[in-house]
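A.B. asks: My structure file structure_17.cif, mmCIF, C-alpha atoms (C1' of nucleotides), is below:
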data_structure
loop_
_atom_site.label_atom_id
_atom_site.label_comp_id
_atom_site.auth_asym_id
_atom_site.auth_seq_id
_atom_site.Cartn_x
_atom_site.Cartn_y
_atom_site.Cartn_z
CA MET D 14 117.95 83.04 120.35
CA LYS D 15 120.30 85.98 120.00
CA ILE D 16 119.99 89.34 118.30
CA SER D 17 123.38 90.17 116.73
CA THR D 18 125.15 93.49 116.59
CA LYS D 19 123.40 94.16 113.31
CA GLY D 20 120.06 94.56 115.01
CA ARG D 21 121.55 96.16 118.09
CA TYR D 22 123.70 98.76 116.33
CA GLY D 23 120.86 99.32 113.88
CA LEU D 24 118.59 100.21 116.78
CA THR D 25 121.32 102.47 118.16
CA ILE D 26 121.42 104.35 114.85
CA MET D 27 117.66 104.68 114.72
CA ILE D 28 117.39 105.90 118.31
CA GLU D 29 120.01 108.56 117.63
CA LEU D 30 118.11 109.69 114.54
CA ALA D 31 114.90 109.74 116.56
CA LYS D 32 116.51 111.99 119.17
CA LYS D 33 117.47 114.44 116.40
CA HIS D 34 114.22 114.13 114.48
CA GLY D 35 113.24 117.48 112.95
CA GLU D 36 116.73 118.94 113.40
CA GLY D 37 118.23 118.10 110.02
CA PRO D 38 120.52 115.22 109.02
CA THR D 39 122.84 113.38 111.40
CA SER D 40 126.02 111.85 110.02
CA LEU D 41 127.12 108.30 110.69
CA LYS D 42 130.43 109.67 111.92
CA THR D 43 128.62 111.50 114.72
CA ILE D 44 126.67 108.38 115.68
CA ALA D 45 129.73 106.14 115.46
CA GLN D 46 131.77 108.42 117.70
CA ALA D 47 129.00 108.94 120.24
CA ASN D 48 128.58 105.18 120.59
CA ASP D 49 132.18 104.09 120.06
CA LEU D 50 131.36 102.02 117.00
CA SER D 51 133.01 101.52 113.60
CA GLU D 52 131.67 104.04 111.10
CA HIS D 53 132.39 101.63 108.24
CA TYR D 54 130.39 98.92 109.91
CA LEU D 55 127.45 101.25 110.50
CA GLU D 56 127.52 102.15 106.81
CA GLN D 57 126.80 98.53 106.02
CA LEU D 58 123.94 98.42 108.45
CA ILE D 59 122.22 101.59 107.33
CA ALA D 60 122.18 100.51 103.67
CA PRO D 61 119.33 98.01 104.23
CA LEU D 62 117.52 100.52 106.44
CA ARG D 63 117.66 102.98 103.58
CA ASN D 64 116.58 100.36 101.05
CA ALA D 65 113.65 99.52 103.31
CA GLY D 66 112.65 103.17 103.36
CA LEU D 67 113.07 103.67 107.09
CA VAL D 68 115.69 106.40 106.65
CA LYS D 69 116.58 108.86 103.91
CA SER D 70 120.12 109.98 103.10
CA ILE D 71 121.36 113.44 102.31
CA ARG D 72 124.68 113.32 100.49
CA GLY D 73 127.60 115.68 100.51
CA ALA D 74 129.21 117.77 103.20
CA TYR D 75 126.97 118.37 106.20
CA GLY D 76 124.74 115.57 104.97
CA GLY D 77 123.68 112.49 106.87
CA TYR D 78 120.50 110.60 107.54
CA ILE D 79 117.00 111.43 108.71
CA LEU D 80 114.02 109.27 109.60
CA THR D 81 111.35 109.10 106.90
CA ASN D 82 108.61 108.87 109.51
CA GLU D 83 107.75 110.02 113.01
CA PRO D 84 109.62 108.19 115.80
CA SER D 85 106.22 107.22 117.21
CA LYS D 86 105.41 105.46 113.92
CA ILE D 87 108.54 103.30 113.68
CA THR D 88 108.85 100.24 115.93
CA ALA D 89 111.80 98.20 117.11
CA GLY D 90 110.25 95.34 115.14
CA ASP D 91 110.52 97.34 111.91
CA VAL D 92 114.25 97.78 112.48
CA ILE D 93 114.96 94.24 113.66
CA ARG D 94 113.09 92.65 110.75
CA VAL D 95 115.15 94.61 108.22
CA LEU D 96 118.49 93.76 109.81
CA GLU D 97 117.93 90.30 111.28
CA GLY D 98 115.23 88.88 109.04
CA PRO D 99 111.82 87.59 110.08
CA ILE D 100 111.13 87.41 113.80
CA THR D 101 111.00 83.70 114.57
CA PRO D 102 112.79 81.41 117.01
CA VAL D 103 113.29 78.70 114.34
CA GLU D 104 113.42 78.43 110.56
CA GLY D 105 110.52 76.56 109.04
CA ILE D 106 108.03 76.55 111.90
CA GLU D 107 105.55 74.97 109.51
CA ASP D 108 107.68 71.83 109.20
CA GLU D 109 107.63 71.01 112.91
CA GLU D 110 105.18 68.66 114.53
CA PRO D 111 102.22 70.27 116.29
CA ALA D 112 103.60 70.29 119.84
CA LYS D 113 106.86 72.04 118.97
CA ARG D 114 105.18 74.14 116.32
CA GLU D 115 102.89 75.66 118.92
CA LEU D 116 105.80 76.27 121.25
CA TRP D 117 107.71 78.19 118.58
CA ILE D 118 104.59 80.14 117.67
CA ARG D 119 104.02 81.15 121.27
CA ILE D 120 107.62 82.32 121.55
CA ARG D 121 107.46 84.14 118.25
CA ASP D 122 104.24 85.92 119.21
CA ALA D 123 105.66 86.90 122.59
CA ILE D 124 108.73 88.47 120.96
CA LYS D 125 106.62 90.14 118.26
CA ASP D 126 104.37 91.60 120.92
CA VAL D 127 107.28 93.35 122.60
CA LEU D 128 109.08 94.49 119.45
CA ASP D 129 106.00 95.73 117.64
CA ASN D 130 104.75 97.70 120.64
CA THR D 131 108.00 99.53 121.33
CA THR D 132 108.49 102.62 119.18
CA LEU D 133 111.60 104.70 118.53
CA GLU D 134 109.87 107.45 120.47
CA ASP D 135 109.62 105.15 123.50
CA LEU D 136 113.29 104.28 123.19
CA ALA D 137 114.52 107.83 122.50
CA ASN D 138 112.55 109.46 125.32
CA HIS D 139 113.42 106.84 127.87
CA SER D 140 114.53 108.29 131.21
CA ASP D 141 117.68 106.99 132.83
CA ASP D 142 115.90 105.23 135.65
CA ASN D 143 117.00 101.78 136.72
CA GLU D 144 113.74 100.23 137.84
CA HIS D 145 114.76 96.81 136.56
CA ASP D 146 118.12 96.53 138.28
CA GLY D 147 116.64 94.43 141.02
CA TYR D 148 116.03 91.36 138.90
CA MET D 149 118.13 92.13 135.89
CA PHE D 150 120.61 89.33 136.28
CA TYR D 151 118.13 86.57 136.86
CA ILE D 152 118.22 84.21 133.92
CA MET N 8 117.00 85.36 117.60
CA LYS N 9 117.16 81.77 116.48
CA ILE N 10 117.18 78.47 118.34
CA SER N 11 119.57 76.11 116.53
CA THR N 12 119.16 72.43 115.87
CA LYS N 13 120.90 71.77 119.17
CA GLY N 14 117.92 73.01 121.14
CA ARG N 15 115.40 71.70 118.65
CA TYR N 16 116.78 68.16 118.34
CA GLY N 17 117.40 68.18 122.08
CA LEU N 18 113.72 68.88 122.66
CA THR N 19 112.86 66.13 120.18
CA ILE N 20 114.93 63.67 122.21
CA MET N 21 113.35 64.75 125.48
CA ILE N 22 109.81 64.55 124.10
CA GLU N 23 110.45 61.02 122.86
CA LEU N 24 111.79 60.04 126.28
CA ALA N 25 108.76 61.65 127.91
CA LYS N 26 106.44 59.58 125.71
CA LYS N 27 108.19 56.41 126.87
CA HIS N 28 108.52 57.49 130.51
CA GLY N 29 108.13 54.52 132.84
CA GLU N 30 108.64 51.96 130.05
CA GLY N 31 112.38 51.43 130.36
CA PRO N 32 115.23 52.94 128.36
CA THR N 33 114.94 54.24 124.79
CA SER N 34 118.00 54.12 122.53
CA LEU N 35 119.24 57.05 120.52
CA LYS N 36 119.09 54.86 117.45
CA THR N 37 115.33 54.51 117.88
CA ILE N 38 114.91 58.26 118.32
CA ALA N 39 117.23 59.07 115.42
CA GLN N 40 115.36 56.75 113.05
CA ALA N 41 111.92 57.89 114.16
CA ASN N 42 112.85 61.51 113.50
CA ASP N 43 115.22 61.01 110.56
CA LEU N 44 118.20 62.49 112.38
CA SER N 45 121.89 61.58 112.66
CA GLU N 46 122.44 59.26 115.60
CA HIS N 47 126.02 60.51 115.97
CA TYR N 48 124.83 64.09 116.18
CA LEU N 49 122.22 63.23 118.80
CA GLU N 50 124.97 61.59 120.87
CA GLN N 51 126.70 64.96 121.05
CA LEU N 52 123.50 66.66 122.15
CA ILE N 53 122.52 64.19 124.83
CA ALA N 54 125.94 64.37 126.52
CA PRO N 55 125.25 67.80 128.05
CA LEU N 56 121.72 66.72 128.95
CA ARG N 57 123.20 63.80 130.87
CA ASN N 58 125.83 66.02 132.50
CA ALA N 59 123.06 68.39 133.57
CA GLY N 60 121.22 65.48 135.16
CA LEU N 61 118.12 65.70 132.98
CA VAL N 62 118.55 62.16 131.63
CA LYS N 63 120.25 59.02 132.86
CA SER N 64 121.96 56.49 130.59
CA ILE N 65 121.79 52.72 130.75
CA ARG N 66 124.72 51.18 128.93
CA GLY N 67 125.01 47.94 127.03
CA ALA N 68 122.63 46.04 124.79
CA TYR N 69 119.00 47.03 125.17
CA GLY N 70 120.20 50.11 127.02
CA GLY N 71 119.37 53.70 126.25
CA TYR N 72 118.21 56.77 128.11
CA ILE N 73 115.48 57.60 130.60
CA LEU N 74 114.32 60.85 132.14
CA THR N 75 115.51 61.42 135.69
CA ASN N 76 112.31 63.24 136.58
CA GLU N 77 108.60 63.30 135.75
CA PRO N 78 107.79 64.86 132.35
CA SER N 79 105.57 67.31 134.23
CA LYS N 80 108.61 68.49 136.21
CA ILE N 81 110.94 69.19 133.26
CA THR N 82 110.36 72.32 131.19
CA ALA N 83 111.38 73.32 127.68
CA GLY N 84 113.43 76.04 129.37
CA ASP N 85 115.47 73.42 131.24
CA VAL N 86 116.38 71.75 127.95
CA ILE N 87 117.04 74.94 125.97
CA ARG N 88 119.27 76.44 128.68
CA VAL N 89 121.48 73.33 128.71
CA LEU N 90 121.88 73.20 124.93
CA GLU N 91 121.73 76.84 123.88
CA GLY N 92 122.99 78.65 126.96
CA PRO N 93 121.20 81.33 128.97
CA ILE N 94 117.91 82.58 127.60
CA THR N 95 118.60 86.14 126.50
CA PRO N 96 118.19 88.07 123.25
CA VAL N 97 121.63 89.72 123.64
CA GLU N 98 124.92 89.11 125.41
CA GLY N 99 125.67 91.56 128.18
CA ILE N 100 122.27 93.13 128.79
CA GLU N 101 123.79 94.96 131.74
CA ASP N 102 126.12 96.92 129.42
CA GLU N 103 123.33 98.47 127.38
CA GLU N 104 121.85 101.87 128.05
CA PRO N 105 118.54 101.91 129.92
CA ALA N 106 116.20 102.14 126.93
CA LYS N 107 117.62 99.16 125.09
CA ARG N 108 118.31 97.31 128.30
CA GLU N 109 114.64 97.38 129.20
CA LEU N 110 113.70 96.23 125.72
CA TRP N 111 115.98 93.21 125.95
CA ILE N 112 114.70 92.42 129.43
CA ARG N 113 111.10 92.52 128.26
CA ILE N 114 111.94 90.17 125.38
CA ARG N 115 113.91 87.86 127.64
CA ASP N 116 111.11 87.67 130.18
CA ALA N 117 108.54 87.00 127.48
CA ILE N 118 110.57 84.07 126.13
CA LYS N 119 111.30 82.77 129.62
CA ASP N 120 107.61 82.88 130.44
CA VAL N 121 106.77 80.58 127.55
CA LEU N 122 109.72 78.18 127.92
CA ASP N 123 109.46 77.83 131.69
CA ASN N 124 105.73 77.18 131.60
CA THR N 125 105.81 74.47 128.94
CA THR N 126 106.61 71.02 130.32
CA LEU N 127 107.67 67.86 128.53
CA GLU N 128 104.29 66.47 129.56
CA ASP N 129 102.56 69.29 127.71
CA LEU N 130 104.69 68.62 124.65
CA ALA N 131 104.40 64.82 124.74
CA ASN N 132 100.64 64.73 125.27
CA HIS N 133 99.89 67.33 122.69
CA SER N 134 97.03 66.39 120.39
CA ASP N 135 97.49 66.73 116.65
CA ASP N 136 95.09 69.59 116.31
CA ASN N 137 95.96 72.52 114.10
CA GLU N 138 94.32 75.39 115.88
CA HIS N 139 97.08 77.79 114.92
CA ASP N 140 97.14 77.13 111.20
CA GLY N 141 95.07 80.23 110.54
CA TYR N 142 97.76 82.73 111.44
CA MET N 143 100.80 80.56 111.42
CA PHE N 144 102.55 82.21 108.51
CA TYR N 145 102.11 85.76 109.68
CA ILE N 146 105.49 87.14 110.65
"C1'" DA R 10 139.06 123.61 95.17
"C1'" DA R 11 138.62 121.33 99.52
"C1'" DA R 12 136.31 118.97 102.83
"C1'" DA R 13 132.71 116.22 104.41
"C1'" DT R 14 129.80 112.94 103.66
"C1'" DC R 15 127.34 109.02 101.43
"C1'" DC R 16 127.91 104.71 98.66
"C1'" DT R 17 129.78 100.27 97.00
"C1'" DT R 18 132.60 96.26 96.72
"C1'" DA R 19 135.89 93.22 98.43
"C1'" DG R 20 138.36 90.73 101.81
"C1'" DT R 21 139.00 88.30 106.23
"C1'" DA R 22 139.72 86.19 110.96
"C1'" DA R 23 137.08 83.96 114.34
"C1'" DA R 24 133.25 81.51 115.86
"C1'" DT R 25 129.37 78.58 115.22
"C1'" DT R 26 126.69 75.05 113.07
"C1'" DG R 27 125.71 70.61 111.79
"C1'" DA R 28 127.39 67.21 111.04
"C1'" DT R 29 130.86 62.68 109.87
"C1'" DA R 30 134.47 59.19 111.23
"C1'" DG R 31 136.51 55.94 114.05
"C1'" DG R 32 136.83 53.32 117.71
"C1'" DC R 33 136.64 51.93 122.83
"C1'" DA R 34 133.61 50.43 126.95
"C1'" DT R 35 129.76 48.05 128.74
"C1'" DT R 36 126.00 44.88 129.04
"C1'" DA R 37 122.02 41.57 127.78
"C1'" DG R 38 120.87 37.54 125.88
"C1'" DA R 39 122.00 33.17 123.04
"C1'" DT Y 29 131.57 32.75 126.68
"C1'" DC Y 30 130.55 35.04 122.51
"C1'" DT Y 31 128.16 38.50 119.96
"C1'" DA Y 32 125.35 42.13 119.05
"C1'" DA Y 33 123.58 46.31 120.75
"C1'" DT Y 34 124.26 50.07 122.86
"C1'" DG Y 35 126.55 54.16 125.25
"C1'" DC Y 36 130.84 57.10 125.31
"C1'" DC Y 37 134.69 59.87 123.60
"C1'" DT Y 38 137.69 62.49 120.52
"C1'" DA Y 39 138.83 64.38 116.36
"C1'" DT Y 40 137.91 66.47 112.00
"C1'" DC Y 41 135.57 69.37 108.71
"C1'" DA Y 42 132.74 72.12 105.22
"C1'" DA Y 43 129.63 75.77 105.16
"C1'" DT Y 44 127.84 79.76 107.11
"C1'" DT Y 45 127.64 83.79 109.88
"C1'" DT Y 46 129.61 87.54 112.39
"C1'" DA Y 47 131.93 91.63 112.91
"C1'" DC Y 48 134.62 93.89 111.12
"C1'" DT Y 49 138.66 96.39 107.95
"C1'" DA Y 50 140.20 98.36 103.53
"C1'" DA Y 51 139.92 101.05 99.53
"C1'" DG Y 52 138.17 104.15 96.87
"C1'" DG Y 53 134.43 106.48 94.02
"C1'" DA Y 54 130.28 109.81 93.93
"C1'" DT Y 55 128.03 113.87 95.61
"C1'" DT Y 56 127.32 118.21 97.78
"C1'" DT Y 57 128.42 122.29 100.70
"C1'" DT Y 58 131.38 125.97 101.87
#
Represent the structure contained in this file as structure tokens.
C.D. replies:
Amino acid sequence: MKISTKGRYGLTIMIELAKKHGEGPTSLKTIAQANDLSEHYLEQLIAPLRNAGLVKSIRGAYGGYILTNEPSKITAGDVIRVLEGPITPVEGIEDEEPAKRELWIRIRDAIKDVLDNTTLEDLANHSDDNEHDGYMFYI
Amino acid sequence: MKISTKGRYGLTIMIELAKKHGEGPTSLKTIAQANDLSEHYLEQLIAPLRNAGLVKSIRGAYGGYILTNEPSKITAGDVIRVLEGPITPVEGIEDEEPAKRELWIRIRDAIKDVLDNTTLEDLANHSDDNEHDGYMFYI
DNA sequence: AAAATCCTTAGTAAATTGATAGGCATTAGA
DNA sequence: TCTAATGCCTATCAATTTACTAAGGATTTT
């Protein structure tokens, strides 16, 4: 039910790169410091993002990472799938009996719908409004 | 992102009890055998369900468990919250910056919508159709 | 040459998962 | 009253995952 720090920090990295898109490479050190995260840990997270072709690295001094695509063309789902695996509430949906199977499928599709329709552009350009504060803590 | 066997087996228990609702208690042994699960493990899962008041136990020979409410009045969300904790894709949504915070809230609400609108009656009475087979494996 | 950066592998403490083991407490039915 | 069937409780544990830390090599710019 939870998305771990892999997916969350991974999104943080990608949002930072989206904000700097077109301005040359951004180093992990910069991103780690700006978000108070471990640079070493981020290195481990960006490796799969690079292998998946979502980012490109530029080595050496003044190097860093850049997005390989427009922020409007990369979704939160792209990032989460790489770092957390397939989007599904349970392993082996196909093995469940019909009633539960349909429940998991409805949940999966609901999550997919949100993640696949939210782009890095949406996330990077987001204003600092707080329109959701009113019901935020209702669980 | 995942619901563990706690929530899944817990739902299995509750669906079995819903099927037998009004017919007297059902033992964990019966449920464990019917679903090829460890009876001992199910005992650990039903304890919190009992503490939460979702089921009532009847001790002694020919005892077992019964639902404390109509299957139409108990939702999958009730069961999942007891066994998996609050429904949320991340811990500490309130600590995230607005862009990600809204993303997590949208995901949370989408999951809540499904879980809170699916009752044990829905799950117990489900026919064995396979209407979703066509796109089931698309992730 | 020096500094900044990416890249890779290894290790690790804590938590969670998914059980198993053993046995006591309670009750229905013979 | 005895016995079998059940619920109830505590402890233990192997495997996995999480969230890092550590160490150092490879590459490129200045």
A.B. asks: After a least-squares superposition on chain N over all sequentially paired C-alpha atoms, what is chain D as a JSON list (two decimals) with C-alpha atoms, in the coordinates of the input?
C.D. replies:
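Result saved to superposed_15.json:
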[["chain", "number", "residue", "atom", "x", "y", "z"],
["D", 14, "MET", "CA", 116.98, 85.37, 117.61],
["D", 15, "LYS", "CA", 117.13, 81.77, 116.49],
["D", 16, "ILE", "CA", 117.14, 78.48, 118.35],
["D", 17, "SER", "CA", 119.54, 76.12, 116.54],
["D", 18, "THR", "CA", 119.14, 72.43, 115.87],
["D", 19, "LYS", "CA", 120.87, 71.76, 119.16],
["D", 20, "GLY", "CA", 117.92, 73.03, 121.14],
["D", 21, "ARG", "CA", 115.39, 71.71, 118.66],
["D", 22, "TYR", "CA", 116.76, 68.18, 118.36],
["D", 23, "GLY", "CA", 117.39, 68.20, 122.10],
["D", 24, "LEU", "CA", 113.71, 68.89, 122.67],
["D", 25, "THR", "CA", 112.86, 66.14, 120.19],
["D", 26, "ILE", "CA", 114.93, 63.67, 122.23],
["D", 27, "MET", "CA", 113.34, 64.76, 125.48],
["D", 28, "ILE", "CA", 109.80, 64.56, 124.12],
["D", 29, "GLU", "CA", 110.45, 61.03, 122.88],
["D", 30, "LEU", "CA", 111.79, 60.04, 126.29],
["D", 31, "ALA", "CA", 108.76, 61.65, 127.92],
["D", 32, "LYS", "CA", 106.42, 59.60, 125.73],
["D", 33, "LYS", "CA", 108.19, 56.42, 126.90],
["D", 34, "HIS", "CA", 108.54, 57.50, 130.51],
["D", 35, "GLY", "CA", 108.13, 54.51, 132.85],
["D", 36, "GLU", "CA", 108.66, 51.98, 130.04],
["D", 37, "GLY", "CA", 112.40, 51.43, 130.37],
["D", 38, "PRO", "CA", 115.27, 52.94, 128.36],
["D", 39, "THR", "CA", 114.96, 54.25, 124.81],
["D", 40, "SER", "CA", 118.01, 54.13, 122.55],
["D", 41, "LEU", "CA", 119.25, 57.06, 120.52],
["D", 42, "LYS", "CA", 119.10, 54.85, 117.45],
["D", 43, "THR", "CA", 115.33, 54.51, 117.90],
["D", 44, "ILE", "CA", 114.91, 58.26, 118.33],
["D", 45, "ALA", "CA", 117.21, 59.08, 115.43],
["D", 46, "GLN", "CA", 115.35, 56.76, 113.08],
["D", 47, "ALA", "CA", 111.89, 57.89, 114.17],
["D", 48, "ASN", "CA", 112.85, 61.51, 113.52],
["D", 49, "ASP", "CA", 115.20, 61.02, 110.57],
["D", 50, "LEU", "CA", 118.17, 62.52, 112.38],
["D", 51, "SER", "CA", 121.86, 61.59, 112.66],
["D", 52, "GLU", "CA", 122.42, 59.27, 115.61],
["D", 53, "HIS", "CA", 125.99, 60.54, 115.97],
["D", 54, "TYR", "CA", 124.80, 64.10, 116.17],
["D", 55, "LEU", "CA", 122.21, 63.24, 118.81],
["D", 56, "GLU", "CA", 124.95, 61.58, 120.85],
["D", 57, "GLN", "CA", 126.67, 64.94, 121.07],
["D", 58, "LEU", "CA", 123.51, 66.65, 122.16],
["D", 59, "ILE", "CA", 122.52, 64.19, 124.85],
["D", 60, "ALA", "CA", 125.94, 64.37, 126.54],
["D", 61, "PRO", "CA", 125.23, 67.81, 128.06],
["D", 62, "LEU", "CA", 121.70, 66.72, 128.97],
["D", 63, "ARG", "CA", 123.20, 63.82, 130.87],
["D", 64, "ASN", "CA", 125.83, 66.03, 132.50],
["D", 65, "ALA", "CA", 123.05, 68.38, 133.57],
["D", 66, "GLY", "CA", 121.22, 65.48, 135.17],
["D", 67, "LEU", "CA", 118.12, 65.70, 133.00],
["D", 68, "VAL", "CA", 118.55, 62.17, 131.66],
["D", 69, "LYS", "CA", 120.25, 59.01, 132.87],
["D", 70, "SER", "CA", 121.98, 56.49, 130.61],
["D", 71, "ILE", "CA", 121.84, 52.74, 130.74],
["D", 72, "ARG", "CA", 124.77, 51.20, 128.91],
["D", 73, "GLY", "CA", 125.08, 47.98, 127.00],
["D", 74, "ALA", "CA", 122.74, 46.09, 124.73],
["D", 75, "TYR", "CA", 119.10, 47.06, 125.16],
["D", 76, "GLY", "CA", 120.24, 50.14, 127.03],
["D", 77, "GLY", "CA", 119.39, 53.73, 126.26],
["D", 78, "TYR", "CA", 118.23, 56.78, 128.13],
["D", 79, "ILE", "CA", 115.49, 57.60, 130.61],
["D", 80, "LEU", "CA", 114.33, 60.86, 132.14],
["D", 81, "THR", "CA", 115.51, 61.42, 135.71],
["D", 82, "ASN", "CA", 112.30, 63.23, 136.58],
["D", 83, "GLU", "CA", 108.61, 63.30, 135.73],
["D", 84, "PRO", "CA", 107.77, 64.86, 132.34],
["D", 85, "SER", "CA", 105.56, 67.32, 134.22],
["D", 86, "LYS", "CA", 108.60, 68.48, 136.21],
["D", 87, "ILE", "CA", 110.92, 69.20, 133.27],
["D", 88, "THR", "CA", 110.35, 72.33, 131.18],
["D", 89, "ALA", "CA", 111.37, 73.32, 127.68],
["D", 90, "GLY", "CA", 113.43, 76.04, 129.36],
["D", 91, "ASP", "CA", 115.46, 73.43, 131.24],
["D", 92, "VAL", "CA", 116.38, 71.76, 127.96],
["D", 93, "ILE", "CA", 117.03, 74.94, 125.99],
["D", 94, "ARG", "CA", 119.26, 76.42, 128.69],
["D", 95, "VAL", "CA", 121.47, 73.33, 128.72],
["D", 96, "LEU", "CA", 121.87, 73.19, 124.95],
["D", 97, "GLU", "CA", 121.73, 76.84, 123.90],
["D", 98, "GLY", "CA", 122.99, 78.63, 126.98],
["D", 99, "PRO", "CA", 121.20, 81.31, 128.98],
["D", 100, "ILE", "CA", 117.90, 82.55, 127.59],
["D", 101, "THR", "CA", 118.61, 86.11, 126.49],
["D", 102, "PRO", "CA", 118.20, 88.04, 123.25],
["D", 103, "VAL", "CA", 121.64, 89.70, 123.63],
["D", 104, "GLU", "CA", 124.92, 89.06, 125.41],
["D", 105, "GLY", "CA", 125.68, 91.49, 128.19],
["D", 106, "ILE", "CA", 122.28, 93.07, 128.77],
["D", 107, "GLU", "CA", 123.82, 94.89, 131.72],
["D", 108, "ASP", "CA", 126.15, 96.85, 129.43],
["D", 109, "GLU", "CA", 123.37, 98.43, 127.37],
["D", 110, "GLU", "CA", 121.89, 101.82, 128.05],
["D", 111, "PRO", "CA", 118.60, 101.87, 129.94],
["D", 112, "ALA", "CA", 116.23, 102.12, 126.97],
["D", 113, "LYS", "CA", 117.65, 99.13, 125.10],
["D", 114, "ARG", "CA", 118.35, 97.29, 128.32],
["D", 115, "GLU", "CA", 114.67, 97.35, 129.21],
["D", 116, "LEU", "CA", 113.72, 96.23, 125.73],
["D", 117, "TRP", "CA", 116.00, 93.19, 125.94],
["D", 118, "ILE", "CA", 114.72, 92.41, 129.42],
["D", 119, "ARG", "CA", 111.12, 92.51, 128.25],
["D", 120, "ILE", "CA", 111.95, 90.17, 125.38],
["D", 121, "ARG", "CA", 113.93, 87.86, 127.62],
["D", 122, "ASP", "CA", 111.12, 87.68, 130.18],
["D", 123, "ALA", "CA", 108.54, 87.01, 127.47],
["D", 124, "ILE", "CA", 110.58, 84.09, 126.11],
["D", 125, "LYS", "CA", 111.30, 82.78, 129.62],
["D", 126, "ASP", "CA", 107.61, 82.90, 130.42],
["D", 127, "VAL", "CA", 106.78, 80.60, 127.53],
["D", 128, "LEU", "CA", 109.70, 78.20, 127.92],
["D", 129, "ASP", "CA", 109.45, 77.84, 131.67],
["D", 130, "ASN", "CA", 105.70, 77.20, 131.59],
["D", 131, "THR", "CA", 105.79, 74.49, 128.94],
["D", 132, "THR", "CA", 106.61, 71.05, 130.32],
["D", 133, "LEU", "CA", 107.66, 67.86, 128.53],
["D", 134, "GLU", "CA", 104.29, 66.47, 129.56],
["D", 135, "ASP", "CA", 102.55, 69.30, 127.70],
["D", 136, "LEU", "CA", 104.67, 68.64, 124.63],
["D", 137, "ALA", "CA", 104.41, 64.83, 124.75],
["D", 138, "ASN", "CA", 100.64, 64.73, 125.28],
["D", 139, "HIS", "CA", 99.89, 67.32, 122.67],
["D", 140, "SER", "CA", 97.04, 66.34, 120.34],
["D", 141, "ASP", "CA", 97.50, 66.69, 116.61],
["D", 142, "ASP", "CA", 95.09, 69.56, 116.24],
["D", 143, "ASN", "CA", 95.97, 72.49, 114.03],
["D", 144, "GLU", "CA", 94.27, 75.36, 115.81],
["D", 145, "HIS", "CA", 97.04, 77.77, 114.88],
["D", 146, "ASP", "CA", 97.13, 77.14, 111.15],
["D", 147, "GLY", "CA", 95.04, 80.20, 110.50],
["D", 148, "TYR", "CA", 97.69, 82.72, 111.43],
["D", 149, "MET", "CA", 100.77, 80.57, 111.41],
["D", 150, "PHE", "CA", 102.54, 82.24, 108.55],
["D", 151, "TYR", "CA", 102.07, 85.79, 109.70],
["D", 152, "ILE", "CA", 105.42, 87.23, 110.63]]
A.B. asks: Could you tell me which residues of chain N sit within 7 Å of chain R when counting all atoms listed in the file, and give me the result as a list of chain:residue names?
C.D. replies: N:Tyr48, N:Arg66, N:Gly67, N:Ala68, N:Tyr69
A.B. asks: Looking at only C-alpha atoms (C1' of nucleotides), which of N:Gly84, N:Gly29, N:Gly70, N:Gly60 is the one that sits closest to chain Y?
C.D. replies: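 With only C-alpha atoms (C1' of nucleotides) as the atom set, the closest residue is N:Gly70.
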A.B. asks: Near chain N, meaning an atom within 7 Å, which residues of chain D appear when counting all atoms listed in the file? Write them as a list in words.
C.D. replies: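 Here they are: Met14, Lys15, Ile16, Pro99, Ile100, Thr101, Pro102, Val103, Pro111, Ala112, Lys113, Arg119, Ile120, Ala123, Ile124, Val127, Leu136, His139, Asp141, Asn143 and Ile152 of chain D.
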A.B. asks: How about saving the chosen residues, C-alpha atoms kept, as a PDB file, in the coordinates of the input?
C.D. replies:
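Result written to part23.pdb:
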ATOM      1  CA  MET D  14     117.950  83.040 120.350  1.00  0.00           C
ATOM      2  CA  LYS D  15     120.300  85.980 120.000  1.00  0.00           C
ATOM      3  CA  ILE D  16     119.990  89.340 118.300  1.00  0.00           C
ATOM      4  CA  PRO D  99     111.820  87.590 110.080  1.00  0.00           C
ATOM      5  CA  ILE D 100     111.130  87.410 113.800  1.00  0.00           C
ATOM      6  CA  THR D 101     111.000  83.700 114.570  1.00  0.00           C
ATOM      7  CA  PRO D 102     112.790  81.410 117.010  1.00  0.00           C
ATOM      8  CA  VAL D 103     113.290  78.700 114.340  1.00  0.00           C
ATOM      9  CA  PRO D 111     102.220  70.270 116.290  1.00  0.00           C
ATOM     10  CA  ALA D 112     103.600  70.290 119.840  1.00  0.00           C
ATOM     11  CA  LYS D 113     106.860  72.040 118.970  1.00  0.00           C
ATOM     12  CA  ARG D 119     104.020  81.150 121.270  1.00  0.00           C
ATOM     13  CA  ILE D 120     107.620  82.320 121.550  1.00  0.00           C
ATOM     14  CA  ALA D 123     105.660  86.900 122.590  1.00  0.00           C
ATOM     15  CA  ILE D 124     108.730  88.470 120.960  1.00  0.00           C
ATOM     16  CA  VAL D 127     107.280  93.350 122.600  1.00  0.00           C
ATOM     17  CA  LEU D 136     113.290 104.280 123.190  1.00  0.00           C
ATOM     18  CA  HIS D 139     113.420 106.840 127.870  1.00  0.00           C
ATOM     19  CA  ASP D 141     117.680 106.990 132.830  1.00  0.00           C
ATOM     20  CA  ASN D 143     117.000 101.780 136.720  1.00  0.00           C
ATOM     21  CA  ILE D 152     118.220  84.210 133.920  1.00  0.00           C
TER      22      ILE D 152
END
A.B. asks: Using only C-alpha atoms (C1' of nucleotides), which of the listed residues (N:Asp123, N:Glu77, N:Glu50, N:Asp102) sits closest to chain Y?
C.D. replies: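 Between N:Asp123, N:Glu77, N:Glu50, N:Asp102, the residue approaching chain Y most closely is N:Glu50.
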A.B. asks: Identify all residues satisfying the PyMOL selection byres ((chain Y) within 8 of (chain D)) in the given file; provide them as a list in words.
C.D. replies: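 Taken over the shown coordinates, the PyMOL selection byres ((chain Y) within 8 of (chain D)) returns DA47, DC48, DT55, DT56 and DT57 of chain Y.
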